[in-house]
Each structure stands twice: as C-alpha cells, then as structure tokens.
Amino acid sequence: MAKAFFRLQKFLRRTQFLLFFLTAAYLMAGSLLLLQRTHLVIQQGSRGTTANQALPVPAGMAGVGIVDPRMLQNPRPGPRLLVGTDAMQEPALDQWHSPRWLVSRNSELRQLRRRWFHRFISDQEPMQTAGLKAMKHTAEHKGAYMGCFRDDSRERTLKGAVFYDLRKMTVAHCQEACAERSYTYAGLAYGAECYCGNKLPATASKPEECNSECKGEKGSVCGGVNRLSVYRVEELRAGARRRRNVIYRGCFRAPENLTDTFPASLIQPNLTVEMCSEFCCKKEFPLAVIRGWECYCGYPTGRFSLHDGADVLLCSRMHNASSAAEGKYCLVYQTPVQDTRCTDRKFLTTKSKVFVALSSFPGAGNTWARHLIEHATGYYTGSYYFDGALYNKGFKGEKDHWRSRRTICVKTHESGKTEIEMFDSAILLIRNPYKSLMAEFNRKYAGHLGYATDRNWKSKEWPDFVNSYASWWASHVLDWLKYGKRLLVIHYEDLKRSLIPKLKEMVEFLNVTVTQDRLLCVENNRDGNFKRSGAKQKDFEPFTQEMKDLIDRYILTVDEALRVRNFTGLPREYVPR
C-alpha cells in the first residue's frame with residue numbers, strides 16, 4: 001500500500017500534470033466569477049431592469065445573435081420603430097478599415113456573420129399569470145382596445161400593412177404607423193409584430209390568450225401566439241389626415257369598362273381628390289381613379305398598368321366637366337394604403353436543390369433587390385451575415401442560417417474562389433462605383449437611411465475609403481466572373497429604369513413563375529423601407545481628379561471583362577469615353 005501511494009505521489013509531481021491541474025483550477029475560478037456576475041445581472045433585472053438593459057448591447061442586435069466585442073465597447077443607438085427611421089449605427093470607420101484592404105476586407109465581412117443561437121431568457125420564458133395581471137391596455141396610447149382575436153396567417157383580416165420590431169415595438173408606435181396609412185385598426189402579435197386594416201377579425205379569443213408583453217413597453221399586451229391585440233386608432237386618424245401622402249400618378253386613358261376593371265366605385269357630385277382618396281382608403285385600395293364625378297378604387301393590373309401616360313391637359317378638360325360618362329381619360333392617385341397582393345412571404349417548404357447567391361459590392365442595392373425578389377416570388381431571401389435592422393423591417397431570412405436552403409437566394413458581398421464556389425449559381429448585381437462608394441460611405445456613418453455629414457466627407461477617412469474600396473468594387477466583379485458557375489448579371493441602373501422586365505428576368509433565373517399582376521404589385525411597392533429620402537445635395541465635389549482617374553481605370557477593366565465573358569458591358573452612362 002505504501003509503495004502504491006509513493007508512486008502516485010511521484011506521478012502528481014510531474015511537471016505536465018501540475019501545469020494541467022493549475023490550468024483547470026484557473027478556468028474553474030474564472031467560471032465561478034462569471035456565474036457570480038451573471039447572478040448579479042439577474043438580480044438587477046428582478047428589480048426592474050431587463051436583461052436587454054443590463055448589457056450594453058447595440059440596439060437591433062440584442063436578443064438575436066452574438067455581438068462583436070468591439071461593438072460592445074462602442075454601443076450605438078438602434079433603429080427607431082417602423083417608418084422613415086435610421087438603421088443601426090456602426091463603429092467609426094477607422095475601427096474597421098485601413099488602406100491594406102486586401103488583407104482586412106474579408107475579415108471585416110466575416111465580423112458581420114453573427115449567427116443567432118438563442119434569445120435572452122426573458123424572450124424564452126412564458127409570461128406568468130402574475131405578470132399578466134400587471135399588464136394594461138390603456139397606457140399612453142389613445143386608441144380604444146377592441147379585444148383579443150384569433151390570427152389566421154392564411155386568411156388574415158388585418159393585412160393592409162405589416163411591421164416588425166423585436167426590441168422597440170409598442171402599442172402607440174403600431175397605432176401611429178397604421179394611422180399614418182389611414183387604417184382604422186392596429187393589431188399586435190407575438191410582442192413584436194404590427195398589422196393594420198379596416199375590418200375587425202371575425203373570431204374573438206379569450207383575453208388571457210393575448211399574453212405576449214410588448215418588446216418595447218413593459219406591462220402592455222401585444223397579442224400572443226396566433227393571437228392579435230386589436231386597437232381602434234380612430235382618435236389618431238384626425239391628426240394623421242394632415243400627414244397623409246396621396247401621390248399624383250398622372251393622367252391615363254381610361255379602360256373600356258371601368259366597373260369591370262376596378263372593384264369599388266363612387267359617384268359623387270363635386271367630387272374632390274380628397275373625397276375619392278378617403279373612399280378608396282376605407283376600401284383598402286392603393287389607387288384612386290377619378291373621371292369627372294366618378295371615383296374608382298383598385299390596383300394596377302394588366303388592363304390598367306399605369307405604364308402609358310397621357311397629356312395632363314386631356315384630364316384637366318375632363319375633370320372640369322360636370323359629367324364625364326363618355327370621358328376617355330382619368331386622373332390617378334396613389335393612396336397611403338399598401339398594395340397587399342404581393343406582401344405574403346414564406347420560407348421554402350422543401351430545401352432548394354440549387355444554392356443561389358445574390359452577390360453585390362456593398363452599396364450596390366442588394367437590400368433593394370432582396371425586397372423586389374421577396375415580393376415577386378413570395379419567398380424570403382437569406383443572408384451570409386446578420387443585420388438586426390433588416391430583420392426588424394421584415395427580412396425574416398436574416399435570422400435563418402445562410403446554408404439552410406430554405407430561402408430563394410442568399411445575400412453576400414464575399415469574393416474569392418472559396419466563397420464563390422460554395423454557390424451553384426448567382427445573380428451578380430453591379431452598380432456605378434461612384435454611386436456605390438457614396439452609398440456605402442453613407443451607410444458606414446449614418447446607417448441604412450441616413451447621410452454622412454460634410455465633416456465625414458472632408459475628413460482623411462474618405463480618401464482612404466475610396467483607395468481601399470474602389471479596388472474592391474473591381475475585384476468583386478472580376479472574381480465572380482472568374483469563379484462563378486452560372487451567372488445572371490443585372491445592372492442596378494437597368495433595374496431602376498426597366499423594373500418589371502429585369503425583375504422578371506431575375507425571377508425566371510430563380511426558376512419561379514409569377515403573374516403579371518404580382519409584378520405590377522411589386523412595382524407599386526418598389527421602394528420598400530430602405531430608400532433614403534431623396535438625394536442630399538452637397539455643395540462640394542467629393543471625388544478629386546486623382547480619385548476619378550483611379551475609379552475610371554477600374555470601370556474600363558470591369559467593362560472589358562464583362563464583354564470577354566459575353567455579358568452586356570457596363571451602362572454607357574458611367575463608362576469613361
């Protein structure tokens with residue numbers, strides 16, 4: 001027995017085992033410290049601070065993924081809710097880029113791959129009965145609470161407009177968003193989804209079945225699983241009327257039979273644009289068509305596509321007449337109501353056999369192209385990265401693993417042989433490098449919807465950015481031309497100019513069949529939620545002559561490479577001559 005003990009003692013004295021023992025002890029001590037700190041955070045949360053507030057997580061990222069530690073050191077305010085808001089801010093440019101872009105750009109992109117694995121405890125745990133008693137339906141919002149209703153996604157009553165926000169959804173924000181689009185009712189579900197419409201759902205549910213707390217308003221109910229908390233927003237609509245955005249679409253030749261073309265109509269003496277648009281809003285139609293005293297409501301269709309306008313004088317003579325039953329022309333206005341014929345989207349029911357990339361240089365309109373593809377095909381698009389701001393705007397494929405093959409295509413900015421050969425085919429979206437560089441610079445400093453300040457443009461970061469990114473613009477296209485297996489090249493400028501023909505080409509490449517009416521619906525909703533509000537004019541030229549010479553050389557190189565591969569060259573509007 002003594003001999004065995006002596007051998008064991010000798011073994012324990014060996015250097016390697018001692019080092020291993022010390023390392024294990026160090027890790028155990030660190031784990032205990034981490035558990036203690038976690039316990040403190042939970043205690044703070046129980047005293048009124050949620051898990052989301054206890055951690056310095058950038059808005060738009062909390063609860064949905066793993067966050068880059070560098071972002072935790074510089075948290076930025078996240079997107080405000082719903083409409084016309086700035087997206088998530090990012091760290092300063094010098095934290096992400098340097099002139100040695102060939103070494104750093106792929107690592108920068110990989111920092112964006114924030115795959116989500118779980119949500120915070122507060123999102124996972126069902127709400128207890130005691131918490132439900134504390135919830136209220138009349139906090140700071142004005143609309144009357146109509147009750148809890150069943151939500152059937154296949155036959156949804158409140159389908160006029162849909163918004164998402166996983167961190168900031170409140171009853172008031174949902175009501176305001178629906179009121180601005182002239183809807184009567186606002187319905188909330190899952191604590192983060194907002195639906196608008198003018199009719200109440202048919203089937204009422206028990207009040208306790210609406211048990212999801214609003215993500216941005218503690219103590220308020222925002223529906224439940226397949227349940228809607230419905231509010232009437234009539235009180236807000238009076239103020240919202242002044243902000244309604246009725247857009248004049250033009251003068252058009254009237255179809256031969258208006259009553260067959262348009263589902264709703266009204267004949268009213270002394271008819272005004274406001275009267276007709278109000279009527280069509282209540283009927284939930286995006287178009288208000290006026291011919292004399294006649295008002296018609298409907299959608300753009302193959303019989304009335306709004307593609308061939310007429311001289312406005314023809315309509316002005318018609319509109320001043322007391323009766324226009326024999327009139328051949330009509331005035332068309334866009335109401336605030338969303339065209340819902342193409343807003344339904346879902347994941348693929350079976351895994352796609354063809355793995356398709358939607359590839360572009362940053363700032364080339366990839367998000368806009370995804371919006372068009374999703375609404376045209378009815379299927380979500382995926383992403384090689386994760387962007388919480390995009391997910392909150394309805395791009396649910398952001399949260400799906402990019403290799404799941406449940407999405408119709410996958411967004412990527414990657415280049416290089418390995419990254420490209422992972423895909424079976426790709427839509428390659430190319431944009432004018434001058435516009436792309438400015439768009440990406442704006443996004444870096446001001447998010448998806450904002451603009452960089454003049455100070456940003458005049459700083460030393462802008463020349464460094466151009467020197468790094470201009471070459472990336474060229475190498476991105478050249479790599480995909482070299483390593484891509486099956487390519488469809490789409491020029492951003494052509495897509496803007498001829499949306500339906502180019503979108504149809506993209507949809508056919510994805511092997512999806514769509515109707516003409518659905519494509520017209522996409523055209524009617526072409527901007528989506530990520531269009532900057534107009535072009536902010538600068539009182540100086542951001543590109544120096546040296547920058548222009550550099551970019552023009554890259555343009556000529558890419559143009560020649562496209563033609564060698566038997567693709568259409570770059571649009572002549574920005575090819576140097």
# chains A, B, ... in the order shown; residues from 1 in each chain; ligands from 1
>>> residues_around(residues="Asp517 of chain A", least_positions_apart="3", cutoff="9 Å", atoms="only C-alpha atoms", output="list in words")
Tyr299, Pro300, Thr301, Gly302, Ser305, Arg341, Cys342, Val514, Leu520, Cys521 and Val522 of chain A
>>> residues_around(residues="segment 361-376 of chain A", least_positions_apart="6", cutoff="6 Å", atoms="only C-alpha atoms", output="PyMOL selection string")
chain A and resi 342-343+413+431+436+439-440+473+519
>>> write_last_selection(atoms="C-alpha atoms", output="PDB file, in the first residue's frame")
ATOM      1  CA  CYS A 342     -47.554  40.659 -53.081  1.00  0.00           C
ATOM      2  CA  THR A 343     -46.748  41.097 -49.384  1.00  0.00           C
ATOM      3  CA  HIS A 413     -20.677  40.648 -50.515  1.00  0.00           C
ATOM      4  CA  ARG A 431     -23.835  49.486 -59.762  1.00  0.00           C
ATOM      5  CA  SER A 436     -21.861  52.579 -54.696  1.00  0.00           C
ATOM      6  CA  ALA A 439     -23.939  54.845 -50.643  1.00  0.00           C
ATOM      7  CA  GLU A 440     -21.649  52.586 -48.624  1.00  0.00           C
ATOM      8  CA  TRP A 473     -15.507  47.092 -56.393  1.00  0.00           C
ATOM      9  CA  LEU A 519     -45.105  42.037 -60.748  1.00  0.00           C
TER      10      LEU A 519
END
>>> residues_around(residues="segment 272-281 of chain A", least_positions_apart="2", cutoff="12 Å", atoms="only C-alpha atoms", output="tab-separated table (two decimals) with C-alpha atoms, in the first residue's frame")
chain	number	residue	atom	x	y	z
A	160	GLY	CA	-53.12	46.30	-45.07
A	178	CYS	CA	-51.39	52.35	-39.00
A	179	ALA	CA	-52.95	55.80	-38.58
A	180	GLU	CA	-50.42	57.39	-40.93
A	181	ARG	CA	-51.59	54.93	-43.57
A	182	SER	CA	-55.21	55.79	-42.81
A	183	TYR	CA	-56.16	52.41	-41.34
A	184	THR	CA	-58.85	52.06	-38.68
A	197	GLY	CA	-56.54	47.06	-41.54
A	198	ASN	CA	-60.05	48.46	-41.68
A	237	ARG	CA	-56.56	59.46	-37.61
A	241	ARG	CA	-55.06	63.08	-42.09
A	242	ARG	CA	-52.89	66.14	-42.44
A	244	ARG	CA	-51.41	61.51	-45.46
A	245	ASN	CA	-49.32	61.11	-48.52
A	246	VAL	CA	-51.62	60.98	-51.55
A	247	ILE	CA	-49.39	60.90	-54.63
A	248	TYR	CA	-50.44	62.05	-58.08
A	262	PHE	CA	-61.98	48.43	-60.57
A	263	PRO	CA	-63.71	46.59	-57.67
A	264	ALA	CA	-65.15	49.66	-55.91
A	265	SER	CA	-66.74	52.85	-57.22
A	266	LEU	CA	-68.50	56.00	-56.05
A	267	ILE	CA	-70.47	58.70	-57.88
A	268	GLN	CA	-70.45	61.99	-56.02
A	269	PRO	CA	-71.37	65.50	-57.25
A	270	ASN	CA	-68.49	67.96	-56.89
A	283	LYS	CA	-61.99	50.19	-49.03
A	284	GLU	CA	-58.25	49.39	-48.65
A	285	PHE	CA	-57.20	50.05	-52.24
A	286	PRO	CA	-53.91	51.68	-53.26
A	287	LEU	CA	-55.26	53.52	-56.33
A	288	ALA	CA	-57.91	56.26	-56.51
A	289	VAL	CA	-59.08	56.90	-60.08
A	290	ILE	CA	-61.16	59.99	-60.91
A	291	ARG	CA	-63.21	60.58	-64.06
A	292	GLY	CA	-65.45	63.62	-63.66
A	293	TRP	CA	-67.77	62.91	-60.73
A	294	GLU	CA	-66.87	59.22	-60.77
A	295	CYS	CA	-64.41	57.68	-58.32
A	296	TYR	CA	-62.96	54.19	-58.78
A	297	CYS	CA	-60.70	52.18	-56.49
A	298	GLY	CA	-58.41	49.28	-57.35
A	299	TYR	CA	-54.95	48.01	-58.21
A	319	HIS	CA	-62.16	66.97	-64.69
A	320	ASN	CA	-63.79	70.38	-65.08
A	331	LEU	CA	-56.68	61.05	-63.13
A	332	VAL	CA	-54.88	58.51	-60.96
A	333	TYR	CA	-53.67	58.99	-57.37
A	334	GLN	CA	-51.71	56.68	-55.06
A	335	THR	CA	-53.36	56.38	-51.66
A	336	PRO	CA	-51.39	55.66	-48.44
A	337	VAL	CA	-52.79	52.11	-48.48
A	338	GLN	CA	-50.23	49.43	-49.24
A	339	ASP	CA	-50.78	47.09	-52.18
>>> closest_residue(among="A:Leu22, A:Met506, A:Val477, A:Val356", to="Ser404 of chain A", atoms="only C-alpha atoms")
A:Val356
>>> atom_distance(atom1="atom CA of Phe347 of chain A", atom2="atom CA of Phe386 of chain A")
17.0 Å
>>> residues_around(residues="Thr513 of chain A", least_positions_apart="6", cutoff="10 Å", atoms="only C-alpha atoms", output="list in words")
Ala376, Thr377, Lys504 and Val507 of chain A
>>> write_last_selection(atoms="all heavy atoms", output="CSV table (one decimal), in the first residue's frame")
chain,number,residue,atom,x,y,z
A,376,ALA,N,-41.8,39.6,-55.3
A,376,ALA,CA,-42.2,39.0,-56.6
A,376,ALA,C,-42.4,37.5,-56.5
A,376,ALA,O,-43.3,36.9,-57.0
A,376,ALA,CB,-41.1,39.3,-57.6
A,377,THR,N,-41.5,36.8,-55.7
A,377,THR,CA,-41.6,35.3,-55.6
A,377,THR,C,-42.5,34.8,-54.5
A,377,THR,O,-43.0,33.7,-54.5
A,377,THR,CB,-40.2,34.7,-55.5
A,377,THR,OG1,-39.6,35.2,-54.2
A,377,THR,CG2,-39.3,35.2,-56.6
A,504,LYS,N,-38.5,40.3,-63.9
A,504,LYS,CA,-39.0,39.1,-64.5
A,504,LYS,C,-37.8,38.2,-64.9
A,504,LYS,O,-37.9,37.0,-64.7
A,504,LYS,CB,-39.9,39.4,-65.7
A,504,LYS,CG,-40.6,38.2,-66.3
A,504,LYS,CD,-41.5,38.6,-67.4
A,504,LYS,CE,-42.3,37.4,-67.9
A,504,LYS,NZ,-43.2,37.8,-69.0
A,507,VAL,N,-36.5,36.6,-61.7
A,507,VAL,CA,-37.4,35.6,-61.2
A,507,VAL,C,-37.3,34.3,-62.0
A,507,VAL,O,-37.3,33.2,-61.4
A,507,VAL,CB,-38.9,36.2,-61.1
A,507,VAL,CG1,-39.9,35.0,-60.9
A,507,VAL,CG2,-39.0,37.3,-60.1
>>> residues_around(residues="segment 313-317 of chain A", least_positions_apart="5", cutoff="7 Å", atoms="only C-alpha atoms", output="list in words")
Cys251, Tyr329, Cys330 and Leu331 of chain A
>>> write_last_selection(atoms="C-alpha atoms", output="PDB file, in the first residue's frame")
ATOM      1  CA  CYS A 251     -53.287  61.205 -66.489  1.00  0.00           C
ATOM      2  CA  TYR A 329     -59.177  59.811 -69.697  1.00  0.00           C
ATOM      3  CA  CYS A 330     -58.862  59.693 -65.920  1.00  0.00           C
ATOM      4  CA  LEU A 331     -56.682  61.053 -63.127  1.00  0.00           C
TER       5      LEU A 331
END
>>> residues_around(residues="Leu487 of chain A", least_positions_apart="4", cutoff="9 Å", atoms="only C-alpha atoms", output="PyMOL selection string")
chain A and resi 425-428+480-481
>>> atom_distance(atom1="atom CA of Ala144 of chain A", atom2="atom CA of Gln175 of chain A")
10.4 Å
>>> residues_around(residues="Lys215 of chain A", least_positions_apart="5", cutoff="9 Å", atoms="only C-alpha atoms", output="compact mmCIF listing (two decimals) with N, CA and C atoms, in the first residue's frame")
# COMPACT_ATOMS: atom_id res chain seq x y z
N ASP A 123 -37.05 36.41 -23.33
CA ASP A 123 -37.79 36.11 -24.53
C ASP A 123 -38.28 34.67 -24.54
N ASP A 165 -40.66 44.76 -35.13
CA ASP A 165 -39.56 45.31 -34.35
C ASP A 165 -39.38 44.45 -33.11
N LEU A 166 -38.27 43.72 -33.06
CA LEU A 166 -38.04 42.77 -31.98
C LEU A 166 -37.63 43.43 -30.68
N ARG A 167 -37.31 44.74 -30.69
CA ARG A 167 -36.84 45.39 -29.47
C ARG A 167 -37.62 46.64 -29.09
N LYS A 168 -38.30 47.27 -30.04
CA LYS A 168 -38.90 48.57 -29.77
C LYS A 168 -40.41 48.62 -29.98
N MET A 169 -41.04 47.48 -30.22
CA MET A 169 -42.47 47.52 -30.53
C MET A 169 -43.29 47.96 -29.31
N THR A 170 -44.18 48.93 -29.54
CA THR A 170 -45.12 49.39 -28.52
C THR A 170 -46.49 49.53 -29.16
N GLY A 191 -45.72 40.04 -29.56
CA GLY A 191 -44.97 41.05 -28.85
C GLY A 191 -44.14 41.96 -29.73
N ALA A 192 -44.10 41.68 -31.06
CA ALA A 192 -43.18 42.43 -31.92
C ALA A 192 -43.71 42.66 -33.32
N CYS A 222 -49.13 42.85 -26.30
CA CYS A 222 -49.00 42.91 -27.77
C CYS A 222 -49.32 41.53 -28.34
>>> select_by_dssp(residues="segment 196-318 of chain A", states="alpha helix (DSSP H)", output="list in words")
Glu234, Glu235, Leu236, Arg237, Ala238, Gly239, Ala240, Leu258, Thr259, Asp260, Thr261, Val273, Glu274, Met275, Cys276, Ser277, Glu278, Phe279, Cys280, Cys281, Lys282, Val312, Leu313, Leu314, Cys315, Ser316, Arg317 and Met318 of chain A
>>> write_last_selection(atoms="N, CA, C and O atoms", output="mmCIF file, in the first residue's frame")
data_model
loop_
_atom_site.group_PDB
_atom_site.id
_atom_site.type_symbol
_atom_site.label_atom_id
_atom_site.label_comp_id
_atom_site.auth_asym_id
_atom_site.auth_seq_id
_atom_site.Cartn_x
_atom_site.Cartn_y
_atom_site.Cartn_z
ATOM 1 N N GLU A 234 -58.999 55.373 -34.427
ATOM 2 C CA GLU A 234 -59.788 56.465 -34.996
ATOM 3 C C GLU A 234 -59.395 57.806 -34.405
ATOM 4 O O GLU A 234 -59.359 58.821 -35.097
ATOM 5 N N GLU A 235 -59.068 57.838 -33.113
ATOM 6 C CA GLU A 235 -58.705 59.098 -32.477
ATOM 7 C C GLU A 235 -57.421 59.668 -33.045
ATOM 8 O O GLU A 235 -57.234 60.863 -33.078
ATOM 9 N N LEU A 236 -56.523 58.794 -33.507
ATOM 10 C CA LEU A 236 -55.270 59.263 -34.073
ATOM 11 C C LEU A 236 -55.415 59.702 -35.514
ATOM 12 O O LEU A 236 -54.615 60.454 -36.019
ATOM 13 N N ARG A 237 -56.461 59.204 -36.180
ATOM 14 C CA ARG A 237 -56.565 59.456 -37.612
ATOM 15 C C ARG A 237 -56.836 60.921 -37.937
ATOM 16 O O ARG A 237 -56.448 61.407 -38.973
ATOM 17 N N ALA A 238 -57.529 61.627 -37.041
ATOM 18 C CA ALA A 238 -57.808 63.033 -37.318
ATOM 19 C C ALA A 238 -56.525 63.816 -37.491
ATOM 20 O O ALA A 238 -56.394 64.641 -38.386
ATOM 21 N N GLY A 239 -55.545 63.562 -36.638
ATOM 22 C CA GLY A 239 -54.263 64.232 -36.769
ATOM 23 C C GLY A 239 -53.450 63.687 -37.913
ATOM 24 O O GLY A 239 -52.647 64.384 -38.507
ATOM 25 N N ALA A 240 -53.671 62.406 -38.201
ATOM 26 C CA ALA A 240 -52.885 61.786 -39.266
ATOM 27 C C ALA A 240 -53.336 62.229 -40.638
ATOM 28 O O ALA A 240 -52.571 62.158 -41.591
ATOM 29 N N LEU A 258 -64.761 50.502 -66.838
ATOM 30 C CA LEU A 258 -64.158 50.818 -65.546
ATOM 31 C C LEU A 258 -64.724 49.966 -64.419
ATOM 32 O O LEU A 258 -63.998 49.594 -63.496
ATOM 33 N N THR A 259 -66.018 49.658 -64.472
ATOM 34 C CA THR A 259 -66.615 48.887 -63.381
ATOM 35 C C THR A 259 -66.076 47.462 -63.343
ATOM 36 O O THR A 259 -66.011 46.848 -62.272
ATOM 37 N N ASP A 260 -65.670 46.911 -64.498
ATOM 38 C CA ASP A 260 -65.067 45.583 -64.513
ATOM 39 C C ASP A 260 -63.601 45.631 -64.084
ATOM 40 O O ASP A 260 -63.076 44.660 -63.529
ATOM 41 N N THR A 261 -62.970 46.759 -64.334
ATOM 42 C CA THR A 261 -61.537 46.881 -64.013
ATOM 43 C C THR A 261 -61.310 47.184 -62.548
ATOM 44 O O THR A 261 -60.357 46.680 -61.940
ATOM 45 N N VAL A 273 -60.428 65.252 -54.950
ATOM 46 C CA VAL A 273 -59.386 64.233 -54.791
ATOM 47 C C VAL A 273 -59.410 63.673 -53.370
ATOM 48 O O VAL A 273 -59.287 62.456 -53.163
ATOM 49 N N GLU A 274 -59.625 64.543 -52.391
ATOM 50 C CA GLU A 274 -59.649 64.094 -51.003
ATOM 51 C C GLU A 274 -60.804 63.138 -50.745
ATOM 52 O O GLU A 274 -60.662 62.125 -50.061
ATOM 53 N N MET A 275 -61.971 63.456 -51.318
ATOM 54 C CA MET A 275 -63.140 62.600 -51.124
ATOM 55 C C MET A 275 -62.907 61.226 -51.737
ATOM 56 O O MET A 275 -63.224 60.189 -51.122
ATOM 57 N N CYS A 276 -62.340 61.186 -52.924
ATOM 58 C CA CYS A 276 -62.105 59.906 -53.596
ATOM 59 C C CYS A 276 -61.022 59.099 -52.875
ATOM 60 O O CYS A 276 -61.183 57.887 -52.669
ATOM 61 N N SER A 277 -59.951 59.757 -52.478
ATOM 62 C CA SER A 277 -58.873 59.036 -51.792
ATOM 63 C C SER A 277 -59.346 58.508 -50.442
ATOM 64 O O SER A 277 -58.974 57.411 -50.031
ATOM 65 N N GLU A 278 -60.201 59.287 -49.723
ATOM 66 C CA GLU A 278 -60.754 58.816 -48.455
ATOM 67 C C GLU A 278 -61.595 57.562 -48.668
ATOM 68 O O GLU A 278 -61.508 56.595 -47.904
ATOM 69 N N PHE A 279 -62.407 57.597 -49.702
ATOM 70 C CA PHE A 279 -63.274 56.456 -50.004
ATOM 71 C C PHE A 279 -62.437 55.214 -50.317
ATOM 72 O O PHE A 279 -62.706 54.114 -49.808
ATOM 73 N N CYS A 280 -61.394 55.378 -51.126
ATOM 74 C CA CYS A 280 -60.558 54.237 -51.505
ATOM 75 C C CYS A 280 -59.719 53.736 -50.326
ATOM 76 O O CYS A 280 -59.431 52.532 -50.232
ATOM 77 N N CYS A 281 -59.331 54.631 -49.448
ATOM 78 C CA CYS A 281 -58.595 54.210 -48.253
ATOM 79 C C CYS A 281 -59.459 53.319 -47.373
ATOM 80 O O CYS A 281 -58.997 52.298 -46.860
ATOM 81 N N LYS A 282 -60.716 53.701 -47.201
ATOM 82 C CA LYS A 282 -61.611 52.894 -46.380
ATOM 83 C C LYS A 282 -61.844 51.525 -47.004
ATOM 84 O O LYS A 282 -62.041 50.540 -46.302
ATOM 85 N N VAL A 312 -51.590 65.694 -69.537
ATOM 86 C CA VAL A 312 -52.407 66.102 -68.399
ATOM 87 C C VAL A 312 -53.521 67.052 -68.822
ATOM 88 O O VAL A 312 -54.570 67.142 -68.160
ATOM 89 N N LEU A 313 -53.373 67.767 -69.931
ATOM 90 C CA LEU A 313 -54.423 68.677 -70.391
ATOM 91 C C LEU A 313 -55.689 67.923 -70.761
ATOM 92 O O LEU A 313 -56.798 68.444 -70.618
ATOM 93 N N LEU A 314 -55.541 66.691 -71.235
ATOM 94 C CA LEU A 314 -56.708 65.889 -71.575
ATOM 95 C C LEU A 314 -57.541 65.599 -70.328
ATOM 96 O O LEU A 314 -58.770 65.580 -70.375
ATOM 97 N N CYS A 315 -56.874 65.391 -69.222
ATOM 98 C CA CYS A 315 -57.576 65.118 -67.965
ATOM 99 C C CYS A 315 -58.141 66.386 -67.343
ATOM 100 O O CYS A 315 -59.194 66.355 -66.707
ATOM 101 N N SER A 316 -57.456 67.500 -67.492
ATOM 102 C CA SER A 316 -57.943 68.744 -66.884
ATOM 103 C C SER A 316 -59.246 69.183 -67.529
ATOM 104 O O SER A 316 -60.155 69.657 -66.848
ATOM 105 N N ARG A 317 -59.370 69.007 -68.838
ATOM 106 C CA ARG A 317 -60.626 69.355 -69.501
ATOM 107 C C ARG A 317 -61.748 68.433 -69.042
ATOM 108 O O ARG A 317 -62.867 68.857 -68.815
ATOM 109 N N MET A 318 -61.389 67.130 -68.859
ATOM 110 C CA MET A 318 -62.388 66.164 -68.408
ATOM 111 C C MET A 318 -62.821 66.450 -66.986
ATOM 112 O O MET A 318 -63.994 66.390 -66.650
#
>>> atom_distance(atom1="atom CA of Arg150 of chain A", atom2="atom CA of Lys399 of chain A")
25.9 Å
>>> select_by_dssp(residues="segment 296-434 of chain A", states="strand (DSSP E)", output="number ranges by chain")
A: 296-298, 309-310, 329-334, 356-360, 382-383, 410-412, 425-430
